[in-house]
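J.: Shown below is the structure under consideration.
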Amino acid sequence: MPRLTTTMRSAAWLCALLVVLAVTPGSALAKTEIQFWHAMTGQLGDATNELVKQFNDSQSEYEVKPLRKGTYPETLTAAIAAYRQKQAPHIVQVFEVGTQTMMLSGAVNPVYQLMKEQEIAVEWKDFIAPVVGYYSKDGNLYSMPFNSSTPILYYNKDAFQKAGLDPNKPPQTWKQVEDYSKKIIASGAAKCGFTTGWPSWTMVENMHAWHDQPFATKRNGFDGLDAQLLINKEFGVMHLSRLTAWQKDNIYSYGGRQGTADPKFVNGECAMHIQSSALIGGFTRGVKFAWGTGQLPFWGPPYTKATSIIGGATLWVMKGKPANENRGTAKFLKFISEPNQQMWWHVSTGYLAISNTAVKNLEAGYHFKKFPDQYTAFAQLTKGKATANSQGIRLGNFVQIRDVIEGEMENIFAGKKTAKQGLDDAVAKSNDILKEFAAANKQ
Amino acid sequence: MQRTVFRNRWLPYLLVFPQVAVTLLFFFWPAFKSLQLSLYRVSAFGDSMTFVGLSNFTKLLSDPDYYRSVVNSFIFAGGVTVLSVTGSLVMAALATQKIRGLAAYRTFMLWPYGIAPPVAGIIFLFIFHPTYGILPYFLSYVTTYEFNWLLKGWVAMMLVIVATAWTHLGYNIAFYVAGLLAIPGSVLEAADVDGAGPLRRFGSIIFPLISPITFYLITLNMVFAFFESFGVIDAVTKGGPGDATMIMVYKLYKDGFIGLNLGSSGAQSVILMALVIGLTMLQFRYAEKKVTYR
């Protein structure tokens with residue numbers, strides 16, 4: 001079949017030629033492109049694109065190309081697949097629970113190191129401690145905080161009024177949450193007292209931090225891979241038992257994982273909601289009644305109050321890129337961390353500004369006077385006492401662990417298990433997951 | 001049978017090549033890759049791969065959660081198959097009656113198959129969600145029963161079974177309608193003359209005659225429920241509440257792509273593959289004997 005071979009050979013040459021043509025850069029004058037993969041949708045996606053545009057317009061050497069890759073897990077999975085094909089983006093947005101995975105991946109260039117290499121000065125000291133702490137190792141920042149939020153209490157002022165409560169005084173303690181809920185339900189102002197979003201994040205992770213209780217051994221995992229969960233201790237069991245008991249009288253109503261409970265608050269069914277501070281923007285546009293925010297409820301003595309912890313995502317820099325491209329990446333990250341951009345980002349999205357200067361400027365500009373609800377999260381994160389229990393949680397495969405915890409919370413709320421049994425099971429399963437992670441990441 | 005002789009020795013190979021290539025590329029290659037993965041412990045970014053032998057398998061087989069997902073899969077696949085096959089047979093029987101507007105009914109019946117499973121899941125969410133669904137809203141006016149599958153595991157399971165069965169209804173109906181129309185009228189008339197009622201006619205003539213289709217559909221729906229039901233679960237329950245709707249294919253996705261435990265995920269896909277191949281073989285071996293081909 002000599003003729004066929006000739007045909008095939010010419011076909012192969014043609015293909016090769018096409019490939020060469022396709023990968024040859026169009027013009028030598030083209031800007032250096034920086035690929036930025038993220039998971040922001042809707043209004044948050046628009047704000048992300050706008051932020052990138054501000055950077056692209058601010059200089060002429062680099063062009064950051066934002067690309068939405070799906071949900072947080074999908075974005076991470078896509079980045080991993082691309083990294084394996086040696087096609088990784090320069091920057092990838094990873095949610096907070098993926099921090100340990102990214103740190104140990106060996107696939108990233110830590111932000112502090114990138115800035116040092118590029119000799120770009122960053123005022124690390126100016127960053128808000130609870131935000132930086134979550135993403136630092138040995139005092140060095142590994143990824144650039146991008147969208148950070150913390151859970152706060154939202155309450156329906158109209159319902160409060162109707163129930164004879166002061167609409168300007170949100171409950172401060174869980175006891176008040178209980179009493180207010182009873183009044184609200186009895187007066188018919190709402191069918192249920194309160195609901196929650198992101199169950200593990202708000203009711204387990206943050207409740208432990210807020211009450212200065214450890215979530216895991218080894219300083220919540222910051223001190224080593226052999227950490228074990230501690231959520232089945234007295235505090236965790238007490239808190240979940242109370243939530244379960246409250247369900248019977250509708251003081252608490254479970255609304256599912258992530259943000260699926262939001263409609264319960266928005267349509268007036270529940271008078272209070274514990275959810276991410278990043279929802280302020282959405283609620284401002286979408287909620288028809290008067291509402292306000294308050295800090296997370298507190299159980300009171302014998303517990304002491306610390307700070308809440310953050311959630312959200314950061315930008316990781318993938319390694320293995322040429323120096324000139326790394327320079328563009330560094331400049332972009334420096335740009336978004338500047339006070340002006342931070343203020344703009346906070347005002348447009350409701351995510352936290354991460355530098356103290358930005359927060360001070362916002363205060364000076366009466367932003368918080370005009371929008372006091374925007375201040376709740378900052379107060380909760382910065383005015384409390386920062387302790388080892390409130391600095392964050394650093395666990396491998398945390399995505400899976402959160403899933404395990406939420407699965408067991410559902411078993412508890414459904415009455416299939418007691419709070420103690422459910423949390424014991426969650427801890428046992430999570431510890432297995434941690435062991436697996438430690439084995440896969442032996443250093 | 002006529003033997004076709006190709007003049008050119010290579011032509012037959014060239015003709016089967018696309019099919020073989022597709023099978024190799026999209027079935028054998030991934031299957032081989034899963035098999036390989038299942039023997040390793042892989043770091044998230046795939047930089048370090050440690051050979052661990054069968055430990056991924058032994059870990060799974062000693063994990064009660066994994067057995068639960070297997071049991072869930074059988075309940076789910078069984079439910080989906082029974083519901084979608086019987087449901088479609090009833091509807092196909094109705095769609096072969098002599099009624100006005102028949103073509104329109106048949107077209108409507110096929111529609112659910114044109115809906116992608118995740119979209120079907122979203123539709124069901126909007127109807128049934130305890131927080132914002134329309135059905136629980138109306139239910140709350142007539143009954144105090146709380147249709148809360150966010151906490152009630154078995155309700156969640158029923159919901160995903162119904163949703164999945166619904167997406168597959170159209171496909172099954174198409175086969176059954178074709179099968180029912182292919183039954184010669186003379187056979188049924190003969191039965192009529194012999195005094196057989198509608199039930200008798202169905203039991204003794206129609207059902208045996210369409211049994212090859214039933215067999216094919218059971219096998220296919222089973223495989224479909226095991227492998228391709230991912231979209232509905234992901235859109236509606238994500239395996240919850242607790243692990244109540246965590247079926248094998250969703251667990252392997254979750255462990256592999258969310259948990260980044262690729263070794264375990266690989267092992268799970270190997271087990272799932274073996275299970276489905278085994279089930280299909282069993283069906284062919286035993287059930288097929290009861291099937292009458294014409």
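Note on naming: chains are A, B, ... as they come in the structure tokens, residues start from 1 per chain, ligands start from 1 in the order shown.
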With a distance cut-off of 6 Å and only C-alpha atoms, select the neighbouring residues of Ile247 (chain B), excluding the residue or stretch itself and same-chain residues fewer than 3 positions from it, and output the selection as a list in words.
T.: Ser69, Asn72, Ser73 and Tyr250 of chain B
J.: Can you tell me, as a PDB file with N, CA and C atoms, in the first residue's frame, what residues are no more than 10 Å from region 40-44 of chain A when counting only C-alpha atoms, ignoring any on the same chain fewer than 4 positions away?
T.:
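Contents of out_8.pdb, freshly written:
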```pdb
ATOM      1  N   THR A  48     -15.603  40.849  38.853  1.00  0.00           N
ATOM      2  CA  THR A  48     -14.275  40.289  38.609  1.00  0.00           C
ATOM      3  C   THR A  48     -13.748  40.758  37.259  1.00  0.00           C
ATOM      4  N   ASN A  49     -14.581  40.686  36.239  1.00  0.00           N
ATOM      5  CA  ASN A  49     -14.161  41.129  34.916  1.00  0.00           C
ATOM      6  C   ASN A  49     -13.814  42.611  34.915  1.00  0.00           C
ATOM      7  N   GLU A  50     -14.591  43.381  35.665  1.00  0.00           N
ATOM      8  CA  GLU A  50     -14.362  44.820  35.731  1.00  0.00           C
ATOM      9  C   GLU A  50     -13.021  45.120  36.412  1.00  0.00           C
ATOM     10  N   LEU A  67     -11.246  33.860  32.959  1.00  0.00           N
ATOM     11  CA  LEU A  67     -12.063  32.802  32.366  1.00  0.00           C
ATOM     12  C   LEU A  67     -12.778  32.060  33.485  1.00  0.00           C
ATOM     13  N   ARG A  68     -14.105  32.009  33.408  1.00  0.00           N
ATOM     14  CA  ARG A  68     -14.854  31.290  34.425  1.00  0.00           C
ATOM     15  C   ARG A  68     -14.861  29.808  34.108  1.00  0.00           C
ATOM     16  N   LYS A  69     -14.464  28.992  35.072  1.00  0.00           N
ATOM     17  CA  LYS A  69     -14.326  27.558  34.821  1.00  0.00           C
ATOM     18  C   LYS A  69     -15.375  26.732  35.553  1.00  0.00           C
ATOM     19  N   GLY A  70     -16.462  27.358  36.007  1.00  0.00           N
ATOM     20  CA  GLY A  70     -17.491  26.588  36.714  1.00  0.00           C
ATOM     21  C   GLY A  70     -17.479  26.891  38.196  1.00  0.00           C
ATOM     22  N   THR A  71     -17.926  25.901  38.987  1.00  0.00           N
ATOM     23  CA  THR A  71     -17.967  26.085  40.435  1.00  0.00           C
ATOM     24  C   THR A  71     -16.549  26.032  40.992  1.00  0.00           C
ATOM     25  N   TYR A  72     -16.401  26.297  42.286  1.00  0.00           N
ATOM     26  CA  TYR A  72     -15.079  26.199  42.910  1.00  0.00           C
ATOM     27  C   TYR A  72     -14.428  24.838  42.663  1.00  0.00           C
ATOM     28  N   GLN A  93      -8.291  30.627  41.032  1.00  0.00           N
ATOM     29  CA  GLN A  93      -9.013  30.947  42.264  1.00  0.00           C
ATOM     30  C   GLN A  93      -9.409  29.644  42.948  1.00  0.00           C
ATOM     31  N   ASN A 147     -11.681  36.968  47.470  1.00  0.00           N
ATOM     32  CA  ASN A 147     -13.022  37.218  47.981  1.00  0.00           C
ATOM     33  C   ASN A 147     -13.170  36.549  49.333  1.00  0.00           C
ATOM     34  N   ALA A 278     -21.145  38.162  52.407  1.00  0.00           N
ATOM     35  CA  ALA A 278     -21.121  38.530  50.986  1.00  0.00           C
ATOM     36  C   ALA A 278     -22.524  38.600  50.401  1.00  0.00           C
ATOM     37  N   GLY A 281     -24.955  42.410  49.415  1.00  0.00           N
ATOM     38  CA  GLY A 281     -25.249  42.995  48.106  1.00  0.00           C
ATOM     39  C   GLY A 281     -26.519  42.427  47.504  1.00  0.00           C
ATOM     40  N   GLY A 282     -26.600  41.112  47.492  1.00  0.00           N
ATOM     41  CA  GLY A 282     -27.762  40.446  46.908  1.00  0.00           C
ATOM     42  C   GLY A 282     -29.038  40.773  47.668  1.00  0.00           C
ATOM     43  N   TRP A 345     -13.675  46.953  45.333  1.00  0.00           N
ATOM     44  CA  TRP A 345     -14.128  45.554  45.374  1.00  0.00           C
ATOM     45  C   TRP A 345     -15.143  45.348  46.485  1.00  0.00           C
ATOM     46  N   SER A 348     -18.403  47.131  45.633  1.00  0.00           N
ATOM     47  CA  SER A 348     -19.175  46.530  44.533  1.00  0.00           C
ATOM     48  C   SER A 348     -19.672  45.135  44.844  1.00  0.00           C
ATOM     49  N   THR A 349     -18.991  44.387  45.707  1.00  0.00           N
ATOM     50  CA  THR A 349     -19.387  42.992  45.907  1.00  0.00           C
ATOM     51  C   THR A 349     -19.858  42.680  47.319  1.00  0.00           C
ATOM     52  N   GLY A 350     -19.416  43.448  48.314  1.00  0.00           N
ATOM     53  CA  GLY A 350     -19.741  43.109  49.696  1.00  0.00           C
ATOM     54  C   GLY A 350     -18.697  42.204  50.335  1.00  0.00           C
ATOM     55  N   TYR A 351     -17.719  41.726  49.519  1.00  0.00           N
ATOM     56  CA  TYR A 351     -16.631  40.957  50.131  1.00  0.00           C
ATOM     57  C   TYR A 351     -15.775  41.901  50.971  1.00  0.00           C
TER      58      TYR A 351
END
```
J.: Go through region 163-279 of chain B and collect every residue that DSSP, computed from the backbone, puts in helix (DSSP H, G or I); the answer should be as a PDB file with C-alpha atoms, in the first residue's frame.
T.:
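In the end it all went to states_36.pdb:
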```pdb
ATOM      1  CA  ALA B 163     -37.068  12.275  38.342  1.00  0.00           C
ATOM      2  CA  THR B 164     -34.633   9.846  36.731  1.00  0.00           C
ATOM      3  CA  ALA B 165     -37.360   7.456  35.608  1.00  0.00           C
ATOM      4  CA  TRP B 166     -39.207  10.383  34.093  1.00  0.00           C
ATOM      5  CA  THR B 167     -36.217  11.448  31.995  1.00  0.00           C
ATOM      6  CA  HIS B 168     -36.009   7.953  30.562  1.00  0.00           C
ATOM      7  CA  LEU B 169     -39.697   7.454  29.941  1.00  0.00           C
ATOM      8  CA  GLY B 170     -39.725   8.837  26.404  1.00  0.00           C
ATOM      9  CA  TYR B 171     -36.970   6.545  25.226  1.00  0.00           C
ATOM     10  CA  ASN B 172     -38.772   3.467  26.557  1.00  0.00           C
ATOM     11  CA  ILE B 173     -42.103   4.556  25.148  1.00  0.00           C
ATOM     12  CA  ALA B 174     -40.604   4.888  21.661  1.00  0.00           C
ATOM     13  CA  PHE B 175     -39.469   1.269  21.790  1.00  0.00           C
ATOM     14  CA  TYR B 176     -42.723  -0.010  23.205  1.00  0.00           C
ATOM     15  CA  VAL B 177     -44.871   1.861  20.724  1.00  0.00           C
ATOM     16  CA  ALA B 178     -42.830   0.404  17.878  1.00  0.00           C
ATOM     17  CA  GLY B 179     -43.103  -3.052  19.431  1.00  0.00           C
ATOM     18  CA  LEU B 180     -46.831  -2.823  20.012  1.00  0.00           C
ATOM     19  CA  LEU B 181     -47.491  -1.587  16.505  1.00  0.00           C
ATOM     20  CA  GLY B 185     -53.486  -7.523  13.962  1.00  0.00           C
ATOM     21  CA  SER B 186     -54.470 -10.980  12.792  1.00  0.00           C
ATOM     22  CA  VAL B 187     -53.060 -12.598  15.936  1.00  0.00           C
ATOM     23  CA  LEU B 188     -55.053 -10.302  18.175  1.00  0.00           C
ATOM     24  CA  GLU B 189     -58.202 -10.781  16.106  1.00  0.00           C
ATOM     25  CA  ALA B 190     -57.797 -14.536  16.376  1.00  0.00           C
ATOM     26  CA  ALA B 191     -57.595 -14.181  20.159  1.00  0.00           C
ATOM     27  CA  ASP B 192     -60.666 -11.995  20.081  1.00  0.00           C
ATOM     28  CA  VAL B 193     -62.551 -14.675  18.190  1.00  0.00           C
ATOM     29  CA  PRO B 198     -58.128  -7.497  27.056  1.00  0.00           C
ATOM     30  CA  LEU B 199     -56.126  -8.745  30.053  1.00  0.00           C
ATOM     31  CA  ARG B 200     -55.808 -12.227  28.680  1.00  0.00           C
ATOM     32  CA  ARG B 201     -54.799 -10.838  25.304  1.00  0.00           C
ATOM     33  CA  PHE B 202     -52.138  -8.739  26.970  1.00  0.00           C
ATOM     34  CA  GLY B 203     -50.842 -11.543  29.195  1.00  0.00           C
ATOM     35  CA  SER B 204     -50.779 -14.332  26.646  1.00  0.00           C
ATOM     36  CA  ILE B 205     -50.027 -12.553  23.405  1.00  0.00           C
ATOM     37  CA  ILE B 206     -48.834  -8.994  23.651  1.00  0.00           C
ATOM     38  CA  PHE B 207     -46.463  -9.315  26.596  1.00  0.00           C
ATOM     39  CA  PRO B 208     -44.627 -12.391  25.267  1.00  0.00           C
ATOM     40  CA  LEU B 209     -44.362 -10.802  21.847  1.00  0.00           C
ATOM     41  CA  SER B 211     -40.610  -9.481  25.704  1.00  0.00           C
ATOM     42  CA  PRO B 212     -37.413  -8.920  23.706  1.00  0.00           C
ATOM     43  CA  ILE B 213     -38.053  -5.202  23.980  1.00  0.00           C
ATOM     44  CA  THR B 214     -38.789  -5.466  27.693  1.00  0.00           C
ATOM     45  CA  PHE B 215     -35.598  -7.407  28.188  1.00  0.00           C
ATOM     46  CA  TYR B 216     -33.589  -4.902  26.219  1.00  0.00           C
ATOM     47  CA  LEU B 217     -35.122  -1.982  28.103  1.00  0.00           C
ATOM     48  CA  ILE B 218     -34.584  -3.541  31.524  1.00  0.00           C
ATOM     49  CA  THR B 219     -30.931  -4.119  30.730  1.00  0.00           C
ATOM     50  CA  LEU B 220     -30.497  -0.665  29.303  1.00  0.00           C
ATOM     51  CA  ASN B 221     -32.385   1.156  32.051  1.00  0.00           C
ATOM     52  CA  MET B 222     -30.391  -0.705  34.654  1.00  0.00           C
ATOM     53  CA  VAL B 223     -27.089   0.293  33.078  1.00  0.00           C
ATOM     54  CA  PHE B 224     -28.383   3.814  32.614  1.00  0.00           C
ATOM     55  CA  ALA B 225     -29.434   4.068  36.252  1.00  0.00           C
ATOM     56  CA  PHE B 226     -26.080   2.796  37.450  1.00  0.00           C
ATOM     57  CA  PHE B 227     -23.907   4.941  35.207  1.00  0.00           C
ATOM     58  CA  PHE B 230     -25.316  11.445  37.763  1.00  0.00           C
ATOM     59  CA  GLY B 231     -26.956  14.607  36.434  1.00  0.00           C
ATOM     60  CA  VAL B 232     -30.205  14.285  38.363  1.00  0.00           C
ATOM     61  CA  ILE B 233     -28.516  13.435  41.662  1.00  0.00           C
ATOM     62  CA  ASP B 234     -26.055  16.273  41.277  1.00  0.00           C
ATOM     63  CA  ALA B 235     -28.786  18.788  40.554  1.00  0.00           C
ATOM     64  CA  VAL B 236     -31.273  17.647  43.187  1.00  0.00           C
ATOM     65  CA  MET B 248     -21.960   4.496  43.518  1.00  0.00           C
ATOM     66  CA  VAL B 249     -21.442   6.690  40.485  1.00  0.00           C
ATOM     67  CA  TYR B 250     -22.005   9.862  42.503  1.00  0.00           C
ATOM     68  CA  LYS B 251     -19.708   8.720  45.278  1.00  0.00           C
ATOM     69  CA  LEU B 252     -16.902   8.027  42.858  1.00  0.00           C
ATOM     70  CA  TYR B 253     -17.358  11.453  41.320  1.00  0.00           C
ATOM     71  CA  LYS B 254     -17.357  13.080  44.721  1.00  0.00           C
ATOM     72  CA  ASP B 255     -14.341  11.211  46.023  1.00  0.00           C
ATOM     73  CA  GLY B 256     -12.431  11.696  42.795  1.00  0.00           C
ATOM     74  CA  PHE B 257     -13.252  15.181  41.666  1.00  0.00           C
ATOM     75  CA  ILE B 258     -14.258  16.968  44.842  1.00  0.00           C
ATOM     76  CA  LEU B 262      -8.197   9.641  42.529  1.00  0.00           C
ATOM     77  CA  GLY B 263      -6.940   6.226  43.612  1.00  0.00           C
ATOM     78  CA  SER B 264     -10.101   5.415  45.519  1.00  0.00           C
ATOM     79  CA  SER B 265     -12.212   6.891  42.756  1.00  0.00           C
ATOM     80  CA  GLY B 266     -10.431   4.681  40.221  1.00  0.00           C
ATOM     81  CA  ALA B 267     -11.046   1.619  42.378  1.00  0.00           C
ATOM     82  CA  GLN B 268     -14.712   2.540  42.706  1.00  0.00           C
ATOM     83  CA  SER B 269     -15.113   2.880  38.970  1.00  0.00           C
ATOM     84  CA  VAL B 270     -13.477  -0.502  38.424  1.00  0.00           C
ATOM     85  CA  ILE B 271     -15.880  -2.105  40.915  1.00  0.00           C
ATOM     86  CA  LEU B 272     -18.844  -0.340  39.345  1.00  0.00           C
ATOM     87  CA  MET B 273     -17.779  -1.431  35.894  1.00  0.00           C
ATOM     88  CA  ALA B 274     -17.354  -5.035  37.007  1.00  0.00           C
ATOM     89  CA  LEU B 275     -20.712  -4.936  38.736  1.00  0.00           C
ATOM     90  CA  VAL B 276     -22.580  -3.645  35.726  1.00  0.00           C
ATOM     91  CA  ILE B 277     -20.836  -6.023  33.337  1.00  0.00           C
ATOM     92  CA  GLY B 278     -21.689  -8.853  35.733  1.00  0.00           C
ATOM     93  CA  LEU B 279     -25.318  -7.790  36.013  1.00  0.00           C
TER      94      LEU B 279
END
```
J.: Write down, as a ChimeraX atom specification, each residue of chain B that has any atom within 8 Å of an atom of chain A, counting only C-alpha atoms.
T.: /B:41-47,131-132,150-152,240-243,255,257-260
J.: Output C-alpha atoms for every residue in that selection, as a PDB file, in the first residue's frame.
T.:
```pdb
ATOM      1  CA  ARG B  41      -2.202   6.525  45.700  1.00  0.00           C
ATOM      2  CA  VAL B  42      -2.127   9.729  43.714  1.00  0.00           C
ATOM      3  CA  SER B  43      -1.487  13.204  45.076  1.00  0.00           C
ATOM      4  CA  ALA B  44      -4.009  15.832  44.063  1.00  0.00           C
ATOM      5  CA  PHE B  45      -1.864  17.282  41.313  1.00  0.00           C
ATOM      6  CA  GLY B  46      -0.699  13.895  40.107  1.00  0.00           C
ATOM      7  CA  ASP B  47       2.945  14.687  40.795  1.00  0.00           C
ATOM      8  CA  THR B 131     -38.098  25.881  50.531  1.00  0.00           C
ATOM      9  CA  TYR B 132     -39.116  27.301  47.183  1.00  0.00           C
ATOM     10  CA  LEU B 150     -33.795  17.915  52.736  1.00  0.00           C
ATOM     11  CA  LEU B 151     -33.946  15.864  55.916  1.00  0.00           C
ATOM     12  CA  LYS B 152     -36.035  12.786  55.075  1.00  0.00           C
ATOM     13  CA  GLY B 240     -27.795  13.880  50.640  1.00  0.00           C
ATOM     14  CA  PRO B 241     -29.441  14.130  53.039  1.00  0.00           C
ATOM     15  CA  GLY B 242     -26.805  12.301  55.023  1.00  0.00           C
ATOM     16  CA  ASP B 243     -25.796   9.718  52.464  1.00  0.00           C
ATOM     17  CA  ASP B 255     -14.341  11.211  46.023  1.00  0.00           C
ATOM     18  CA  PHE B 257     -13.252  15.181  41.666  1.00  0.00           C
ATOM     19  CA  ILE B 258     -14.258  16.968  44.842  1.00  0.00           C
ATOM     20  CA  GLY B 259     -12.204  14.967  47.320  1.00  0.00           C
ATOM     21  CA  LEU B 260      -9.316  14.583  44.826  1.00  0.00           C
TER      22      LEU B 260
END
```
J.: Quote the spacing between CA of Ser55 (chain B) and CA of Leu39 (chain B) in Å to one decimal place.
T.: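 Between these atoms lies a distance of 7.5 Å.
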J.: With a distance cut-off of 7 Å and only C-alpha atoms, select the neighbouring residues of Pro89 (chain A), excluding the residue or stretch itself and same-chain residues fewer than 6 positions from it, and output the selection as JSON, numbers by chain.
T.: {"A": [35, 36, 37, 79, 318]}
J.: Suppose we keep N, CA and C atoms; can you now write the selection as a PDB file, in the first residue's frame?
T.:
```pdb
ATOM      1  N   GLN A  35      -3.260  34.140  32.102  1.00  0.00           N
ATOM      2  CA  GLN A  35      -4.528  33.410  32.216  1.00  0.00           C
ATOM      3  C   GLN A  35      -4.988  33.386  33.673  1.00  0.00           C
ATOM      4  N   PHE A  36      -6.229  33.724  33.886  1.00  0.00           N
ATOM      5  CA  PHE A  36      -6.781  33.798  35.247  1.00  0.00           C
ATOM      6  C   PHE A  36      -8.101  33.031  35.272  1.00  0.00           C
ATOM      7  N   TRP A  37      -8.094  31.866  35.942  1.00  0.00           N
ATOM      8  CA  TRP A  37      -9.294  31.035  36.013  1.00  0.00           C
ATOM      9  C   TRP A  37     -10.013  31.294  37.330  1.00  0.00           C
ATOM     10  N   ALA A  79      -7.984  23.191  36.802  1.00  0.00           N
ATOM     11  CA  ALA A  79      -6.605  23.656  36.940  1.00  0.00           C
ATOM     12  C   ALA A  79      -5.661  22.478  37.129  1.00  0.00           C
ATOM     13  N   MET A 318       0.328  29.506  39.777  1.00  0.00           N
ATOM     14  CA  MET A 318       0.877  28.217  39.387  1.00  0.00           C
ATOM     15  C   MET A 318       2.341  28.399  38.983  1.00  0.00           C
TER      16      MET A 318
END
```
J.: Could you pull out the residues in region 86-139 of chain A that DSSP calls strand (DSSP E or B) from the backbone, as a PyMOL selection string?
T.: chain A and resi 91-95+108+127+136-137
J.: Would you mind exporting the chosen residues as an mmCIF file, in the first residue's frame, restricted to C-alpha atoms?
T.:
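Written out: part01.cif:
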```
data_model
loop_
_atom_site.group_PDB
_atom_site.id
_atom_site.type_symbol
_atom_site.label_atom_id
_atom_site.label_comp_id
_atom_site.auth_asym_id
_atom_site.auth_seq_id
_atom_site.Cartn_x
_atom_site.Cartn_y
_atom_site.Cartn_z
ATOM 1 C CA ILE A 91 -3.609 32.284 38.344
ATOM 2 C CA VAL A 92 -6.372 30.089 39.696
ATOM 3 C CA GLN A 93 -9.013 30.947 42.264
ATOM 4 C CA VAL A 94 -9.311 28.253 44.943
ATOM 5 C CA PHE A 95 -11.792 28.188 47.811
ATOM 6 C CA VAL A 108 2.287 26.568 43.138
ATOM 7 C CA PHE A 127 -3.460 43.057 55.709
ATOM 8 C CA SER A 136 -0.226 31.841 55.582
ATOM 9 C CA LYS A 137 2.384 29.353 56.614
#
```
J.: Which neighbours of Tyr105 (chain B) fall inside 10 Å, counting only C-alpha atoms, when residues of the same chain fewer than 5 positions from it are skipped, and could you give them as a PyMOL selection string?
T.: chain B and resi 91+94-95+99-100+110
J.: Let me see the file: selected residues, C-alpha atoms, as a PDB file, in the first residue's frame.
T.:
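As a result, part_33.pdb now contains:
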```pdb
ATOM      1  CA  MET B  91     -48.245   4.831  28.411  1.00  0.00           C
ATOM      2  CA  LEU B  94     -52.413   4.032  25.758  1.00  0.00           C
ATOM      3  CA  ALA B  95     -50.546   5.660  22.888  1.00  0.00           C
ATOM      4  CA  ILE B  99     -57.806   8.001  19.754  1.00  0.00           C
ATOM      5  CA  ARG B 100     -57.955  11.454  18.315  1.00  0.00           C
ATOM      6  CA  LEU B 110     -41.099  11.536  23.739  1.00  0.00           C
TER       7      LEU B 110
END
```
J.: Have a look at CA of Lys417 (chain A) and CA of Gly300 (chain A) and let me know their distance in Å, one decimal.
T.: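 Value for the CA of Lys417 (chain A)-CA of Gly300 (chain A) distance: 26.9 Å.
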